[in-house]
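Here's the structure we're looking at; comments come further down.
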Amino acid sequence: MRSSKTLLALILTTALGWTAATSARAAIINITPSKDNTLYEFDSKEGDFSNGVGFHFFAGKTVMSELRRAVLAFDITGSIPPGSIITSVTLTMNMSKTLGNTARIVELHKLLADWGEGTSHAPGEEGDGAPATPNDATWRHSFFDNIFWAIQGSDFSATVSASQSVGPLGYYTWNSAQMVADVQSWVNNPASNFGWLVLGDESALGSAKRFDTRESASPPVLTIEYRSAQPSPRLRPTPPPRP
């Protein structure tokens, strides 16, 4: 009988040790952008405009046939341990102004170059922007006023990281396997983390949607679920007592 109890204790202790050692430490974090901005289509008569510290950014085409694109980035390296495995990614944004309730597709695309956020702050509803200040991202510049995008409107991947149909006012979420791959690539190679471009429907007048920025009371939130690469402490099985 004693040997049977000893064997059972050994089996249970070993099983607990195995579970602790092999279960990756799962975690979920919510982070807001480290920077965000609007790229206002360049007009040679007005100059370069931006909205570095504004409360809103825009994506789509205005009623004046002017394009708007948004850029946002998150501090992945400062939030997730190196070597972690990303299992789920969701971006939630509040759409706070629209010309109508017509649903428009809004896409995320991985940015391929770094960009800046200056001190520009657009007045009023912020749809027209403000003159760019040093280091602002603009339609032409990644950093105003001497570093340019390779292509006007920003350098971004043709691959759609995620898309969402955005209609009336409210919160919308973006999530996909490609977003998981994007964040994983930033964990593996932090120097490549330039964030996403928010690309709206640019085919129709008045399609622009306004979203709230990190400076607002309802900032974008990136929810990341990951498994830490650091193993949990192994429970050492207690040796059975000697007979």
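We name chains A, B, ... following the order of the structure tokens; residues begin at 1 in each chain, and ligands are numbered from 1 as shown.
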
Cut-off 9 Å: closest stretch 95-154 of chain A/stretch 62-84 of chain A atom pairs per residue, using only C-alpha atoms, as a Markdown table:
```
| residue | atom | partner | partner_atom | distance |
| --- | --- | --- | --- | --- |
| A:Leu99 | CA | A:Val63 | CA | 8.8 |
| A:Leu111 | CA | A:Val71 | CA | 8.2 |
| A:Trp115 | CA | A:Val71 | CA | 8.6 |
| A:Gly127 | CA | A:Thr62 | CA | 8.5 |
| A:Ala137 | CA | A:Val71 | CA | 8.6 |
| A:Trp139 | CA | A:Arg69 | CA | 8.4 |
| A:Gly153 | CA | A:Arg69 | CA | 7.4 |
| A:Ser154 | CA | A:Arg69 | CA | 8.8 |
```

Applying 12 Å and only C-alpha atoms, which residues near A:Glu46 remain after dropping the ones on its own chain fewer than 3 positions away? List them as a PDB file with N, CA and C atoms, in the first residue's frame.
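To be explicit, this is the file written out as result_0.pdb:
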```pdb
ATOM      1  N   TYR A  40      -2.108  64.859 -45.258  1.00  0.00           N
ATOM      2  CA  TYR A  40      -3.062  65.631 -46.060  1.00  0.00           C
ATOM      3  C   TYR A  40      -2.503  65.776 -47.472  1.00  0.00           C
ATOM      4  N   GLU A  41      -3.289  65.407 -48.473  1.00  0.00           N
ATOM      5  CA  GLU A  41      -2.815  65.461 -49.847  1.00  0.00           C
ATOM      6  C   GLU A  41      -2.206  66.828 -50.151  1.00  0.00           C
ATOM      7  N   PHE A  42      -1.048  66.819 -50.760  1.00  0.00           N
ATOM      8  CA  PHE A  42      -0.287  68.044 -51.004  1.00  0.00           C
ATOM      9  C   PHE A  42      -0.974  68.946 -52.018  1.00  0.00           C
ATOM     10  N   ASP A  43      -1.044  70.222 -51.660  1.00  0.00           N
ATOM     11  CA  ASP A  43      -1.554  71.257 -52.552  1.00  0.00           C
ATOM     12  C   ASP A  43      -0.456  72.309 -52.671  1.00  0.00           C
ATOM     13  N   PHE A  49       0.871  70.132 -45.086  1.00  0.00           N
ATOM     14  CA  PHE A  49       0.040  70.181 -43.882  1.00  0.00           C
ATOM     15  C   PHE A  49       0.120  68.861 -43.114  1.00  0.00           C
ATOM     16  N   SER A  50      -0.160  68.954 -41.812  1.00  0.00           N
ATOM     17  CA  SER A  50      -0.067  67.792 -40.935  1.00  0.00           C
ATOM     18  C   SER A  50      -0.969  68.031 -39.729  1.00  0.00           C
ATOM     19  N   ASP A 128      -8.792  69.919 -42.374  1.00  0.00           N
ATOM     20  CA  ASP A 128      -7.926  70.599 -43.328  1.00  0.00           C
ATOM     21  C   ASP A 128      -6.470  70.654 -42.890  1.00  0.00           C
ATOM     22  N   GLY A 129      -6.175  70.197 -41.674  1.00  0.00           N
ATOM     23  CA  GLY A 129      -4.801  70.167 -41.208  1.00  0.00           C
ATOM     24  C   GLY A 129      -4.277  71.524 -40.789  1.00  0.00           C
ATOM     25  N   ALA A 130      -2.980  71.563 -40.520  1.00  0.00           N
ATOM     26  CA  ALA A 130      -2.275  72.786 -40.126  1.00  0.00           C
ATOM     27  C   ALA A 130      -0.894  72.754 -40.772  1.00  0.00           C
ATOM     28  N   PRO A 131      -0.267  73.910 -40.965  1.00  0.00           N
ATOM     29  CA  PRO A 131       1.083  73.908 -41.539  1.00  0.00           C
ATOM     30  C   PRO A 131       2.011  72.976 -40.762  1.00  0.00           C
ATOM     31  N   ALA A 132       2.743  72.173 -41.489  1.00  0.00           N
ATOM     32  CA  ALA A 132       3.636  71.194 -40.859  1.00  0.00           C
ATOM     33  C   ALA A 132       4.727  71.873 -40.049  1.00  0.00           C
TER      34      ALA A 132
END
```

Handout entry: Residues within 7 Å of stretch 200-203 of chain A, only C-alpha atoms, excluding chain neighbours under 6 positions, as a PyMOL selection string
Key = chain A and resi 59-61+67+104-107

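Shell of A:Ala26 at 8 Å, with only C-alpha atoms counted and residues fewer than 2 places along the chain excluded, is Ala24, Ile28, Glu225, Tyr226, Arg227 and Ser228 of chain A.
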
Practice task
Report as number ranges by chain: the residues of stretch 2-234 of chain A with a DSSP assignment of strand (DSSP E), based on the backbone of this structure.
Solution key: A: 25-31, 35-40, 49-50, 56-61, 67-73, 85-98, 104-111, 130-131, 141-143, 147-148, 156-166, 170-175, 196-199, 209-212, 221-228

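The interatomic distance for the pair atom CA of A:Glu215 and atom CA of A:His56 works out to 8.2 Å.
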
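Counting only C-alpha atoms, A:Ser218 has the following residues at most 9 Å away, ignoring those fewer than 4 positions along the same chain: Met93, Asn94, Asp212, Thr213 and Arg214 of chain A.
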
Residues within 9 Å of A:Thr223, please, as an mmCIF file with C-alpha atoms, in the first residue's frame. Count only C-alpha atoms; anything in the same chain fewer than 2 positions from it doesn't count.
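Saved result, result.cif, follows:
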```cif
data_model
loop_
_atom_site.group_PDB
_atom_site.id
_atom_site.type_symbol
_atom_site.label_atom_id
_atom_site.label_comp_id
_atom_site.auth_asym_id
_atom_site.auth_seq_id
_atom_site.Cartn_x
_atom_site.Cartn_y
_atom_site.Cartn_z
ATOM 1 C CA ILE A 28 -2.532 40.066 -22.896
ATOM 2 C CA ILE A 29 -1.619 43.741 -23.102
ATOM 3 C CA ASN A 30 -3.450 46.846 -24.292
ATOM 4 C CA ILE A 31 -1.325 49.704 -25.615
ATOM 5 C CA SER A 88 -3.571 37.386 -31.432
ATOM 6 C CA VAL A 89 -3.704 41.075 -32.430
ATOM 7 C CA THR A 90 -6.706 43.420 -32.474
ATOM 8 C CA LEU A 91 -6.783 47.150 -33.180
ATOM 9 C CA THR A 92 -9.789 49.110 -31.904
ATOM 10 C CA VAL A 221 -5.996 50.543 -28.570
ATOM 11 C CA GLU A 225 -1.952 38.285 -26.825
#
```

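Distances to A:Lys110 were evaluated for A:Asp48, A:Asp145, A:Glu125, A:Asp182 using only C-alpha atoms, and the minimum falls at A:Asp182.
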
Problem - Every residue of stretch 78-191 of chain A that DSSP places in helix (DSSP H, G or I), as a list in words - result: Ala177, Gln178, Met179, Val180, Ala181, Asp182, Val183, Gln184, Ser185, Trp186, Val187, Asn188, Pro190 and Ala191 of chain A

Residues near A:Met95, anyone? I mean within 9 Å using only C-alpha atoms, not counting same-chain ones fewer than 3 positions away, as an mmCIF file with all heavy atoms, in the first residue's frame.
```cif
data_model
loop_
_atom_site.group_PDB
_atom_site.id
_atom_site.type_symbol
_atom_site.label_atom_id
_atom_site.label_comp_id
_atom_site.auth_asym_id
_atom_site.auth_seq_id
_atom_site.Cartn_x
_atom_site.Cartn_y
_atom_site.Cartn_z
ATOM 1 N N THR A 98 -18.267 61.410 -39.679
ATOM 2 C CA THR A 98 -18.409 60.913 -41.043
ATOM 3 C C THR A 98 -19.475 61.731 -41.747
ATOM 4 O O THR A 98 -20.408 62.238 -41.097
ATOM 5 C CB THR A 98 -18.781 59.416 -41.052
ATOM 6 O OG1 THR A 98 -18.936 58.971 -42.403
ATOM 7 C CG2 THR A 98 -20.070 59.160 -40.290
ATOM 8 N N VAL A 166 -16.487 50.312 -42.335
ATOM 9 C CA VAL A 166 -16.775 51.351 -41.346
ATOM 10 C C VAL A 166 -17.963 52.169 -41.820
ATOM 11 O O VAL A 166 -17.910 52.804 -42.880
ATOM 12 C CB VAL A 166 -15.541 52.258 -41.137
ATOM 13 C CG1 VAL A 166 -15.863 53.370 -40.136
ATOM 14 C CG2 VAL A 166 -14.347 51.438 -40.664
ATOM 15 N N GLY A 167 -19.043 52.164 -41.046
ATOM 16 C CA GLY A 167 -20.258 52.868 -41.411
ATOM 17 C C GLY A 167 -20.549 54.036 -40.498
ATOM 18 O O GLY A 167 -19.893 55.069 -40.565
ATOM 19 N N PRO A 168 -21.564 53.921 -39.626
ATOM 20 C CA PRO A 168 -21.921 55.019 -38.723
ATOM 21 C C PRO A 168 -20.906 55.193 -37.599
ATOM 22 O O PRO A 168 -19.986 54.385 -37.440
ATOM 23 C CB PRO A 168 -23.288 54.595 -38.175
ATOM 24 C CG PRO A 168 -23.287 53.110 -38.282
ATOM 25 C CD PRO A 168 -22.492 52.785 -39.516
ATOM 26 N N LEU A 169 -21.084 56.235 -36.809
ATOM 27 C CA LEU A 169 -20.180 56.516 -35.699
ATOM 28 C C LEU A 169 -20.089 55.329 -34.743
ATOM 29 O O LEU A 169 -21.062 54.611 -34.523
ATOM 30 C CB LEU A 169 -20.678 57.743 -34.917
ATOM 31 C CG LEU A 169 -20.866 59.056 -35.683
ATOM 32 C CD1 LEU A 169 -21.327 60.151 -34.735
ATOM 33 C CD2 LEU A 169 -19.587 59.452 -36.404
ATOM 34 N N GLY A 170 -18.898 55.147 -34.182
ATOM 35 C CA GLY A 170 -18.727 54.085 -33.206
ATOM 36 C C GLY A 170 -17.347 53.473 -33.236
ATOM 37 O O GLY A 170 -16.461 53.919 -33.978
ATOM 38 N N TYR A 171 -17.160 52.442 -32.424
ATOM 39 C CA TYR A 171 -15.883 51.739 -32.332
ATOM 40 C C TYR A 171 -15.847 50.597 -33.348
ATOM 41 O O TYR A 171 -16.836 49.876 -33.532
ATOM 42 C CB TYR A 171 -15.687 51.180 -30.926
ATOM 43 C CG TYR A 171 -15.360 52.248 -29.901
ATOM 44 C CD1 TYR A 171 -16.373 52.916 -29.219
ATOM 45 C CD2 TYR A 171 -14.037 52.591 -29.629
ATOM 46 C CE1 TYR A 171 -16.078 53.900 -28.272
ATOM 47 C CE2 TYR A 171 -13.728 53.564 -28.689
ATOM 48 C CZ TYR A 171 -14.754 54.221 -28.016
ATOM 49 O OH TYR A 171 -14.458 55.192 -27.101
ATOM 50 N N TYR A 172 -14.686 50.440 -33.967
ATOM 51 C CA TYR A 172 -14.484 49.376 -34.949
ATOM 52 C C TYR A 172 -13.178 48.660 -34.632
ATOM 53 O O TYR A 172 -12.241 49.254 -34.055
ATOM 54 C CB TYR A 172 -14.439 49.952 -36.362
ATOM 55 C CG TYR A 172 -15.766 50.517 -36.818
ATOM 56 C CD1 TYR A 172 -16.116 51.832 -36.515
ATOM 57 C CD2 TYR A 172 -16.674 49.735 -37.528
ATOM 58 C CE1 TYR A 172 -17.343 52.358 -36.924
ATOM 59 C CE2 TYR A 172 -17.900 50.252 -37.941
ATOM 60 C CZ TYR A 172 -18.223 51.565 -37.624
ATOM 61 O OH TYR A 172 -19.444 52.078 -38.025
ATOM 62 N N LYS A 209 -13.322 59.161 -43.358
ATOM 63 C CA LYS A 209 -13.767 58.864 -42.005
ATOM 64 C C LYS A 209 -12.750 59.465 -41.024
ATOM 65 O O LYS A 209 -11.540 59.408 -41.248
ATOM 66 C CB LYS A 209 -13.849 57.352 -41.779
ATOM 67 C CG LYS A 209 -14.783 56.611 -42.733
ATOM 68 C CD LYS A 209 -16.240 56.865 -42.445
ATOM 69 C CE LYS A 209 -17.144 55.989 -43.313
ATOM 70 N NZ LYS A 209 -18.581 56.210 -43.028
ATOM 71 N N ARG A 210 -13.262 60.038 -39.936
ATOM 72 C CA ARG A 210 -12.387 60.623 -38.915
ATOM 73 C C ARG A 210 -12.302 59.703 -37.698
ATOM 74 O O ARG A 210 -13.330 59.262 -37.172
ATOM 75 C CB ARG A 210 -12.927 61.984 -38.470
ATOM 76 C CG ARG A 210 -11.965 62.759 -37.569
ATOM 77 C CD ARG A 210 -12.609 64.026 -37.031
ATOM 78 N NE ARG A 210 -13.518 63.735 -35.920
ATOM 79 C CZ ARG A 210 -14.153 64.675 -35.229
ATOM 80 N NH1 ARG A 210 -14.035 65.945 -35.568
ATOM 81 N NH2 ARG A 210 -14.946 64.336 -34.225
ATOM 82 N N PHE A 211 -11.078 59.426 -37.270
ATOM 83 C CA PHE A 211 -10.844 58.583 -36.096
ATOM 84 C C PHE A 211 -10.129 59.398 -35.019
ATOM 85 O O PHE A 211 -9.426 60.363 -35.316
ATOM 86 C CB PHE A 211 -9.991 57.369 -36.468
ATOM 87 C CG PHE A 211 -10.628 56.454 -37.482
ATOM 88 C CD1 PHE A 211 -10.438 56.659 -38.842
ATOM 89 C CD2 PHE A 211 -11.427 55.399 -37.071
ATOM 90 C CE1 PHE A 211 -11.022 55.828 -39.781
ATOM 91 C CE2 PHE A 211 -12.023 54.559 -38.006
ATOM 92 C CZ PHE A 211 -11.823 54.775 -39.365
ATOM 93 N N ASP A 212 -10.305 58.989 -33.770
ATOM 94 C CA ASP A 212 -9.674 59.698 -32.658
ATOM 95 C C ASP A 212 -8.237 59.224 -32.449
ATOM 96 O O ASP A 212 -7.939 58.033 -32.589
ATOM 97 C CB ASP A 212 -10.484 59.487 -31.382
ATOM 98 C CG ASP A 212 -11.873 60.109 -31.480
ATOM 99 O OD1 ASP A 212 -12.069 60.949 -32.370
ATOM 100 O OD2 ASP A 212 -12.741 59.745 -30.667
#
```

Completion exercise
note - atom CA of A:Val198 and atom CA of A:Asn51 are separated by 14.8 Å

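Ranking A:Gly100, A:Trp186, A:Thr32, A:Leu199 by their shortest atom-to-atom distance to A:Ser163, with only C-alpha atoms included, puts A:Leu199 first.
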